[in-house]
>>> print(open('entry_10.txt').read())   # compact mmCIF, C-alpha atoms
# COMPACT_ATOMS: atom_id res chain seq x y z
CA LYS A 88 108.39 96.98 75.13
CA VAL A 89 104.87 95.91 75.88
CA SER A 90 103.64 92.52 74.68
CA ASN A 91 100.81 92.65 72.17
CA ASN A 92 98.10 90.95 74.16
CA ASN A 93 98.61 93.18 77.16
CA LYS A 94 96.47 96.21 77.61
CA ILE A 95 98.29 99.35 78.63
CA VAL A 96 97.45 101.69 81.48
CA SER A 97 99.66 104.73 81.81
CA ILE A 98 100.23 107.06 84.71
CA VAL A 99 101.47 110.54 83.90
CA ASP A 100 102.58 112.79 86.74
CA ASP A 101 105.59 115.06 87.02
CA GLU A 102 106.17 113.77 90.56
CA LEU A 103 108.10 110.53 90.37
CA ASP A 104 106.98 109.26 93.77
CA ILE A 105 103.35 109.49 92.71
CA THR A 106 103.90 107.56 89.51
CA LYS A 107 105.74 104.87 91.49
CA LEU A 108 103.04 104.67 94.13
CA PHE A 109 100.23 104.44 91.57
CA GLN A 110 102.13 101.99 89.42
CA ASP A 111 102.82 99.62 92.32
CA ALA A 112 99.23 99.83 93.48
CA ILE A 113 97.71 99.13 90.07
CA CYS A 114 100.20 96.45 89.08
CA GLY A 115 99.28 94.44 92.12
CA ASN A 116 95.61 94.56 91.24
CA LEU A 117 95.21 93.95 87.55
CA ASN A 118 96.08 90.94 85.44
CA GLY A 119 96.78 91.20 81.75
CA VAL A 120 97.54 94.87 82.06
CA SER A 121 100.89 96.56 81.60
CA VAL A 122 101.24 99.67 83.70
CA VAL A 123 103.68 102.26 82.39
CA SER A 124 104.46 105.58 83.95
CA PHE A 125 105.90 108.86 82.78
CA THR A 126 107.03 112.00 84.54
CA ASN A 127 107.12 113.84 81.21
CA PRO A 128 103.74 114.27 79.49
CA VAL A 129 105.38 114.80 76.09
CA THR A 130 107.11 111.42 76.35
CA ALA A 131 103.86 109.90 77.57
CA LEU A 132 102.02 111.18 74.52
CA ALA A 133 104.71 109.86 72.18
CA HIS A 134 104.39 106.40 73.76
CA PHE A 135 100.63 106.61 73.45
CA LYS A 136 100.87 107.45 69.74
CA GLU A 137 103.04 104.39 69.13
CA ASN A 138 100.80 102.04 71.12
CA LYS A 139 97.40 103.67 70.89
CA GLU A 140 95.57 100.48 69.92
CA SER A 141 96.76 98.71 73.07
CA TYR A 142 95.92 101.45 75.53
CA VAL A 143 92.85 101.19 77.75
CA LEU A 144 93.43 103.96 80.27
CA VAL A 145 95.49 107.08 80.83
CA ILE A 146 95.72 108.57 84.32
CA SER A 147 97.08 112.09 84.23
CA ASP A 148 97.83 114.83 86.69
CA LEU A 149 96.47 118.23 85.72
CA ARG A 150 99.41 120.54 86.37
CA MET A 151 102.57 119.52 84.55
CA PRO A 152 105.26 121.40 82.64
CA GLU A 153 105.12 121.54 78.82
CA LEU A 154 101.77 119.79 78.44
CA ASN A 155 99.06 119.95 81.07
CA GLY A 156 96.60 117.16 81.81
CA TYR A 157 93.84 118.75 79.74
CA GLU A 158 95.98 118.94 76.62
CA LEU A 159 97.37 115.46 77.14
CA LEU A 160 93.95 113.86 77.54
CA LYS A 161 92.52 115.83 74.63
CA ASN A 162 95.27 114.43 72.41
CA VAL A 163 94.71 110.93 73.76
CA LYS A 164 91.00 111.01 72.91
CA LYS A 165 91.73 112.40 69.45
CA LEU A 166 94.06 109.48 68.73
CA ASN A 167 91.84 106.78 70.24
CA SER A 168 88.42 107.79 71.51
CA ASN A 169 87.90 104.42 73.20
CA VAL A 170 90.65 104.99 75.73
CA ARG A 171 89.38 105.86 79.20
CA THR A 172 90.87 108.85 81.00
CA ILE A 173 91.28 109.83 84.63
CA LEU A 174 92.42 113.31 85.61
CA THR A 175 93.94 113.82 89.05
CA SER A 176 94.63 117.08 90.81
CA ALA A 177 95.26 118.46 94.26
CA TYR A 178 93.70 121.73 93.13
CA GLU A 179 90.08 122.79 93.07
CA VAL A 180 88.95 122.36 89.46
CA ASN A 181 85.16 122.39 89.58
CA GLU A 182 85.01 126.11 88.84
CA ASP A 183 87.33 125.72 85.88
CA HIS A 184 85.45 126.16 82.58
CA LYS A 185 87.81 123.92 80.69
CA PHE A 186 87.33 121.20 83.31
CA GLN A 187 83.55 121.40 82.97
CA GLU A 188 83.75 121.40 79.18
CA TYR A 189 86.08 118.38 79.10
CA MET A 190 83.97 116.41 81.58
CA LYS A 191 80.84 117.10 79.51
CA GLY A 192 82.64 116.41 76.26
CA GLY A 193 83.96 113.08 77.48
CA ILE A 194 87.61 114.03 77.28
CA ILE A 195 87.86 113.40 81.01
CA ASP A 196 85.97 110.26 82.05
CA LEU A 197 86.71 110.55 85.75
CA PHE A 198 88.23 113.05 88.11
CA LEU A 199 90.06 111.98 91.27
CA ASP A 200 91.08 114.46 93.94
CA LYS A 201 94.58 114.18 95.29
CA PRO A 202 95.52 112.76 97.64
CA VAL A 203 93.60 109.72 96.45
CA THR A 204 93.51 106.56 98.52
CA ILE A 205 95.13 103.56 96.88
CA ASN A 206 91.93 101.56 97.39
CA ARG A 207 89.86 104.11 95.57
CA LEU A 208 92.40 104.43 92.78
CA CYS A 209 92.58 100.67 92.27
CA GLN A 210 88.82 100.31 92.37
CA LYS A 211 88.28 103.00 89.74
CA VAL A 212 91.05 101.70 87.50
CA SER A 213 89.72 98.17 87.76
CA ASP A 214 86.17 99.33 86.95
CA MET A 215 87.34 101.25 83.92
CA VAL A 216 89.54 98.52 82.53
CA HIS A 217 86.85 95.87 82.96
CA ASN A 218 84.09 98.06 81.55
CA GLN A 219 86.35 98.70 78.62
CA GLU A 220 86.64 94.95 77.99
CA ARG A 221 82.88 94.52 78.00
CA SER A 222 82.19 97.44 75.71
CA SER A 223 84.80 96.77 73.05
>>> encode(input="entry_10.txt", output="structure tokens")
Amino acid sequence: KVSNNNKIVSIVDDELDITKLFQDAICGNLNGVSVVSFTNPVTALAHFKENKESYVLVISDLRMPELNGYELLKNVKKLNSNVRTILTSAYEVNEDHKFQEYMKGGIIDLFLDKPVTINRLCQKVSDMVHNQERSS
């Protein structure tokens, strides 16, 4: 259970080693933030629904079983439009119409190619979480 004053960042990726890697990297870099991770996007969305006021950022892989990254992030923004979103993928997405539409529409705030360096990931996450604090 996440304490009330903590902001939540979640990492959603069907590969466990990636969620662990990202979680360790981000946890070491951010104070006052609880990092949670999920290998099942459906579970991730359920957790988001319960804690949507506390969330500041959702980092999601694109290709996952049951619920892909697009659908997950679309649901996230519907539930709390202030939450920042990062989509990650090892695949080429720039030609994808849905990708372009979601970037333009603000459903995806940032795209990171995989593999992403831990430095870059931490920098982007830190930027987003701190910008979030200033804007809210």
>>> closest_residue(input="entry_10.txt", among="A:Ile95, A:Val120, A:Met190, A:Met151", to="Glu137 of chain A", atoms="only C-alpha atoms")
A:Ile95
>>> axis_aligned_box(input="entry_10.txt", around="segment 188-192 of chain A", padding_each_side="6 Å", output="AutoDock Vina command-line options")
--center_x 83.5 --center_y 118.9 --center_z 78.9 --size_x 17.2 --size_y 17.0 --size_z 17.3
>>> residues_around(input="entry_10.txt", residues="Val96 of chain A", least_positions_apart="4", cutoff="10 Å", atoms="only C-alpha atoms", output="list in words")
Gln110, Ile113, Cys114, Val120, Ser121, Val122, Val123, Ser124, Phe135, Ser141, Tyr142, Val143, Leu144, Val145, Ile146, Val170, Arg171, Thr172, Val212 and Val216 of chain A
>>> residues_around(input="entry_10.txt", residues="Lys161 of chain A", least_positions_apart="5", cutoff="9 Å", atoms="only C-alpha atoms", output="MDAnalysis selection string")
chainID A and resid 156 166 189 194:195
>>> atom_distance(input="entry_10.txt", atom1="atom CA of Asn181 of chain A", atom2="atom CA of Asp111 of chain A")
28.9 Å
>>> atom_distance(input="entry_10.txt", atom1="atom CA of Asn116 of chain A", atom2="atom CA of Asn218 of chain A")
15.5 Å
>>> closest_residue(input="entry_10.txt", among="A:Val203, A:Ala131, A:Leu197, A:Val180", to="Phe109 of chain A", atoms="only C-alpha atoms")
A:Val203
>>> atom_distance(input="entry_10.txt", atom1="atom CA of Arg150 of chain A", atom2="atom CA of Thr126 of chain A")
11.6 Å
>>> closest_residue(input="entry_10.txt", among="A:Gln187, A:Asn162, A:Gln210, A:Asn155", to="Lys136 of chain A", atoms="only C-alpha atoms")
A:Asn162
>>> residues_around(input="entry_10.txt", residues="Leu159 of chain A", least_positions_apart="5", cutoff="9 Å", atoms="only C-alpha atoms", output="PDB file with C-alpha atoms, in the frame of the given file")
ATOM      1  CA  PRO A 128     103.740 114.270  79.490  1.00  0.00           C
ATOM      2  CA  VAL A 129     105.380 114.800  76.090  1.00  0.00           C
ATOM      3  CA  ALA A 131     103.860 109.900  77.570  1.00  0.00           C
ATOM      4  CA  LEU A 132     102.020 111.180  74.520  1.00  0.00           C
ATOM      5  CA  SER A 147      97.080 112.090  84.230  1.00  0.00           C
ATOM      6  CA  LEU A 154     101.770 119.790  78.440  1.00  0.00           C
ATOM      7  CA  LYS A 164      91.000 111.010  72.910  1.00  0.00           C
TER       8      LYS A 164
END
>>> residues_around(input="entry_10.txt", residues="Gly119 of chain A", least_positions_apart="2", cutoff="7 Å", atoms="all atoms listed in the file", output="list in words")
Asn93, Lys94, Leu117 and Ser121 of chain A
>>> write_last_selection(input="entry_10.txt", atoms="C-alpha atoms", output="PDB file, keeping the file's coordinate frame")
ATOM      1  CA  ASN A  93      98.610  93.180  77.160  1.00  0.00           C
ATOM      2  CA  LYS A  94      96.470  96.210  77.610  1.00  0.00           C
ATOM      3  CA  LEU A 117      95.210  93.950  87.550  1.00  0.00           C
ATOM      4  CA  SER A 121     100.890  96.560  81.600  1.00  0.00           C
TER       5      SER A 121
END
>>> closest_residue(input="entry_10.txt", among="A:Lys185, A:Ser213, A:Ser97, A:Ser176", to="Lys201 of chain A", atoms="all atoms listed in the file")
A:Ser176
>>> closest_residue(input="entry_10.txt", among="A:Pro152, A:Asp196, A:Lys107, A:Leu208", to="Leu174 of chain A", atoms="only C-alpha atoms")
A:Asp196
